[in-house]
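Trainee: First the structure, then my questions, so here it is.
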Amino acid sequence: HFEVVLSQGALLFHRLVQHSSFVSAMPLADGTNDEKEDPQPALEWKSKDDLKDVVLYQAVLSPPCVKIRCHLIHYGVAFTTKPASAGKPIKPGANYKKVPVMTVGKRTVNDSYVIVKHVVPIASGQPLNEEWEQKITYKLQPSIEMECFGNVG
């Protein structure tokens, strides 16, 4: 059953990507990154010591938020959480309306893939396996969301 759900979720996500324009030009009007886009200016995180005052804006049961919490806990990154809802910005004037959103000091990073892409290599001291992370983010997560919640994104 899992393989069928994964295949259906991957197919649906592929169709959404092919036929939508949900990825916009970087940066968003508020200066933060959109999905799949690196923050600009570039993040200057060089080590785990640079990950200070980390706040994860999340929906507790959201698979992408769970993934980020697990990475932060696994790598010993201190963080706090604040509730957030998909469809609503984390603060007035923000343009990104999905979760998770992570702030580190004064920098805001949107999108679970982009967060992992920047946090895991410095927290682990190892390069990110981007092929594997893309499979998790763009195939497994949508499948879990479809199975649990009946929607993707």
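Letters for chains follow the order of the structure tokens (A, B, ...), residue numbers begin at 1 for each chain, and ligand numbers begin at 1 in the order shown.
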Need the shell around region 55-69 of chain A: protein/DNA/RNA residues with any atom at most 6 Å away, counting only C-alpha atoms. Skip same-chain ones fewer than 3 positions apart. Format as a list of chain:residue names?
Mentor: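 With the cut-off at 6 Å, the set is A:Leu72, A:Phe79, A:Thr80, A:Thr81, A:Lys82, A:Pro83, A:Ala84, A:Ser85, A:Val99, A:Pro100, A:Val101, A:Met102, A:Thr103, A:Ser112.
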Trainee: Give the helix (DSSP H, G or I) residues of region 46-80 of chain A, as DSSP finds them on the backbone, and put them as a PyMOL selection string.
Mentor: chain A and resi 48-50+63-74
Trainee: Among chain A, which residues carry a DSSP assignment of strand (DSSP E), reported as a list of chain:residue names?
Mentor: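 So the strand (DSSP E) residues in chain A would be A:Val54, A:Val55, A:Leu56, A:Tyr57, A:Gln58, A:Phe79, A:Thr80, A:Thr81, A:Lys82, A:Pro83, A:Val101, A:Met102, A:Thr103, A:Val104, A:Arg107, A:Thr108, A:Val109, A:Asn110.
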Trainee: In terms of the shortest atom-to-atom distance over only C-alpha atoms, which of A:Val120, A:Ile144, A:Leu128, A:Val109 is closest to Leu28 (chain A)?
Mentor: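 Of the candidates, the smallest distance to Leu28 (chain A) is held by A:Val109.
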Trainee: Could you pull the residues within 9 Å of Val77 (chain A), counting only C-alpha atoms, minus those fewer than 3 positions along the same chain, as a list in words?
Mentor: Lys48, Asp49, Leu51, Lys52, Val54, His71, Leu72, Ile73, His74 and Ala123 of chain A
Trainee: Could those selected residues go to a file with C-alpha atoms, as a PDB file, in the first residue's frame?
Mentor:
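Output (selection22.pdb):
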```
ATOM      1  CA  LYS A  48      26.664  24.983  14.307  1.00  0.00           C
ATOM      2  CA  ASP A  49      27.741  27.877  16.549  1.00  0.00           C
ATOM      3  CA  LEU A  51      22.741  28.710  14.599  1.00  0.00           C
ATOM      4  CA  LYS A  52      21.674  30.960  17.474  1.00  0.00           C
ATOM      5  CA  VAL A  54      16.581  29.526  16.202  1.00  0.00           C
ATOM      6  CA  HIS A  71      17.009  17.302  12.148  1.00  0.00           C
ATOM      7  CA  LEU A  72      17.414  20.058  14.737  1.00  0.00           C
ATOM      8  CA  ILE A  73      17.031  17.623  17.636  1.00  0.00           C
ATOM      9  CA  HIS A  74      19.299  14.995  16.045  1.00  0.00           C
ATOM     10  CA  ALA A 123      25.206  20.893  11.870  1.00  0.00           C
TER      11      ALA A 123
END
```
Trainee: To one decimal place in Å, what is the distance between CA of Lys139 (chain A) and CA of Lys36 (chain A)?
Mentor: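 Taking CA of Lys139 (chain A) as the start and CA of Lys36 (chain A) as the end point, the length is 14.5 Å.
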Trainee: Using only C-alpha atoms, pick whichever of A:Ala78, A:Val114, A:Met146, A:Ala94 has the shortest atom-to-atom distance to Gly31 (chain A).
Mentor: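 Under the stated criterion, the closest residue is A:Ala94.
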Trainee: Contacts of Lys117 (chain A) at 10 Å or less, counting only C-alpha atoms, minus same-chain residues fewer than 6 places along, as an mmCIF file with N, CA, C and O atoms, in the first residue's frame?
Mentor:
```cif
data_model
loop_
_atom_site.group_PDB
_atom_site.id
_atom_site.type_symbol
_atom_site.label_atom_id
_atom_site.label_comp_id
_atom_site.auth_asym_id
_atom_site.auth_seq_id
_atom_site.Cartn_x
_atom_site.Cartn_y
_atom_site.Cartn_z
ATOM 1 N N LYS A 36 12.115 26.365 -2.909
ATOM 2 C CA LYS A 36 13.225 25.878 -3.733
ATOM 3 C C LYS A 36 14.279 26.938 -4.025
ATOM 4 O O LYS A 36 15.171 26.696 -4.830
ATOM 5 N N ASP A 38 17.266 29.662 -2.712
ATOM 6 C CA ASP A 38 18.160 29.998 -1.618
ATOM 7 C C ASP A 38 17.920 31.437 -1.169
ATOM 8 O O ASP A 38 17.624 32.311 -1.996
ATOM 9 N N ASP A 111 10.694 27.127 3.550
ATOM 10 C CA ASP A 111 10.708 25.883 2.781
ATOM 11 C C ASP A 111 11.611 24.842 3.436
ATOM 12 O O ASP A 111 12.798 25.076 3.659
ATOM 13 N N PRO A 127 28.515 16.776 3.900
ATOM 14 C CA PRO A 127 27.707 17.330 2.806
ATOM 15 C C PRO A 127 26.321 16.691 2.784
ATOM 16 O O PRO A 127 26.147 15.545 3.203
ATOM 17 N N LEU A 128 25.348 17.434 2.336
ATOM 18 C CA LEU A 128 23.980 16.946 2.214
ATOM 19 C C LEU A 128 23.871 16.042 0.998
ATOM 20 O O LEU A 128 24.365 16.380 -0.075
ATOM 21 N N ASN A 129 23.218 14.930 1.163
ATOM 22 C CA ASN A 129 22.920 14.061 0.035
ATOM 23 C C ASN A 129 21.663 14.633 -0.617
ATOM 24 O O ASN A 129 20.550 14.303 -0.234
ATOM 25 N N GLU A 130 21.846 15.527 -1.585
ATOM 26 C CA GLU A 130 20.722 16.242 -2.184
ATOM 27 C C GLU A 130 19.775 15.320 -2.935
ATOM 28 O O GLU A 130 18.567 15.534 -2.928
ATOM 29 N N GLU A 133 17.588 13.786 -0.257
ATOM 30 C CA GLU A 133 16.711 14.803 0.341
ATOM 31 C C GLU A 133 15.608 15.214 -0.631
ATOM 32 O O GLU A 133 14.475 15.458 -0.223
ATOM 33 N N GLN A 134 15.910 15.290 -1.912
ATOM 34 C CA GLN A 134 14.872 15.608 -2.895
ATOM 35 C C GLN A 134 13.812 14.514 -2.943
ATOM 36 O O GLN A 134 12.622 14.808 -3.067
#
```
Trainee: Mind giving me the straight-line distance from CA of Tyr113 (chain A) to CA of Thr137 (chain A) in Å, one decimal?
Mentor: 6.4 Å
Trainee: For CA of Ile115 (chain A) and CA of Glu37 (chain A), determine how far apart the two atoms are, in Å to one decimal place.
Mentor: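 Pair CA of Ile115 (chain A) / CA of Glu37 (chain A) returns 10.3 Å.
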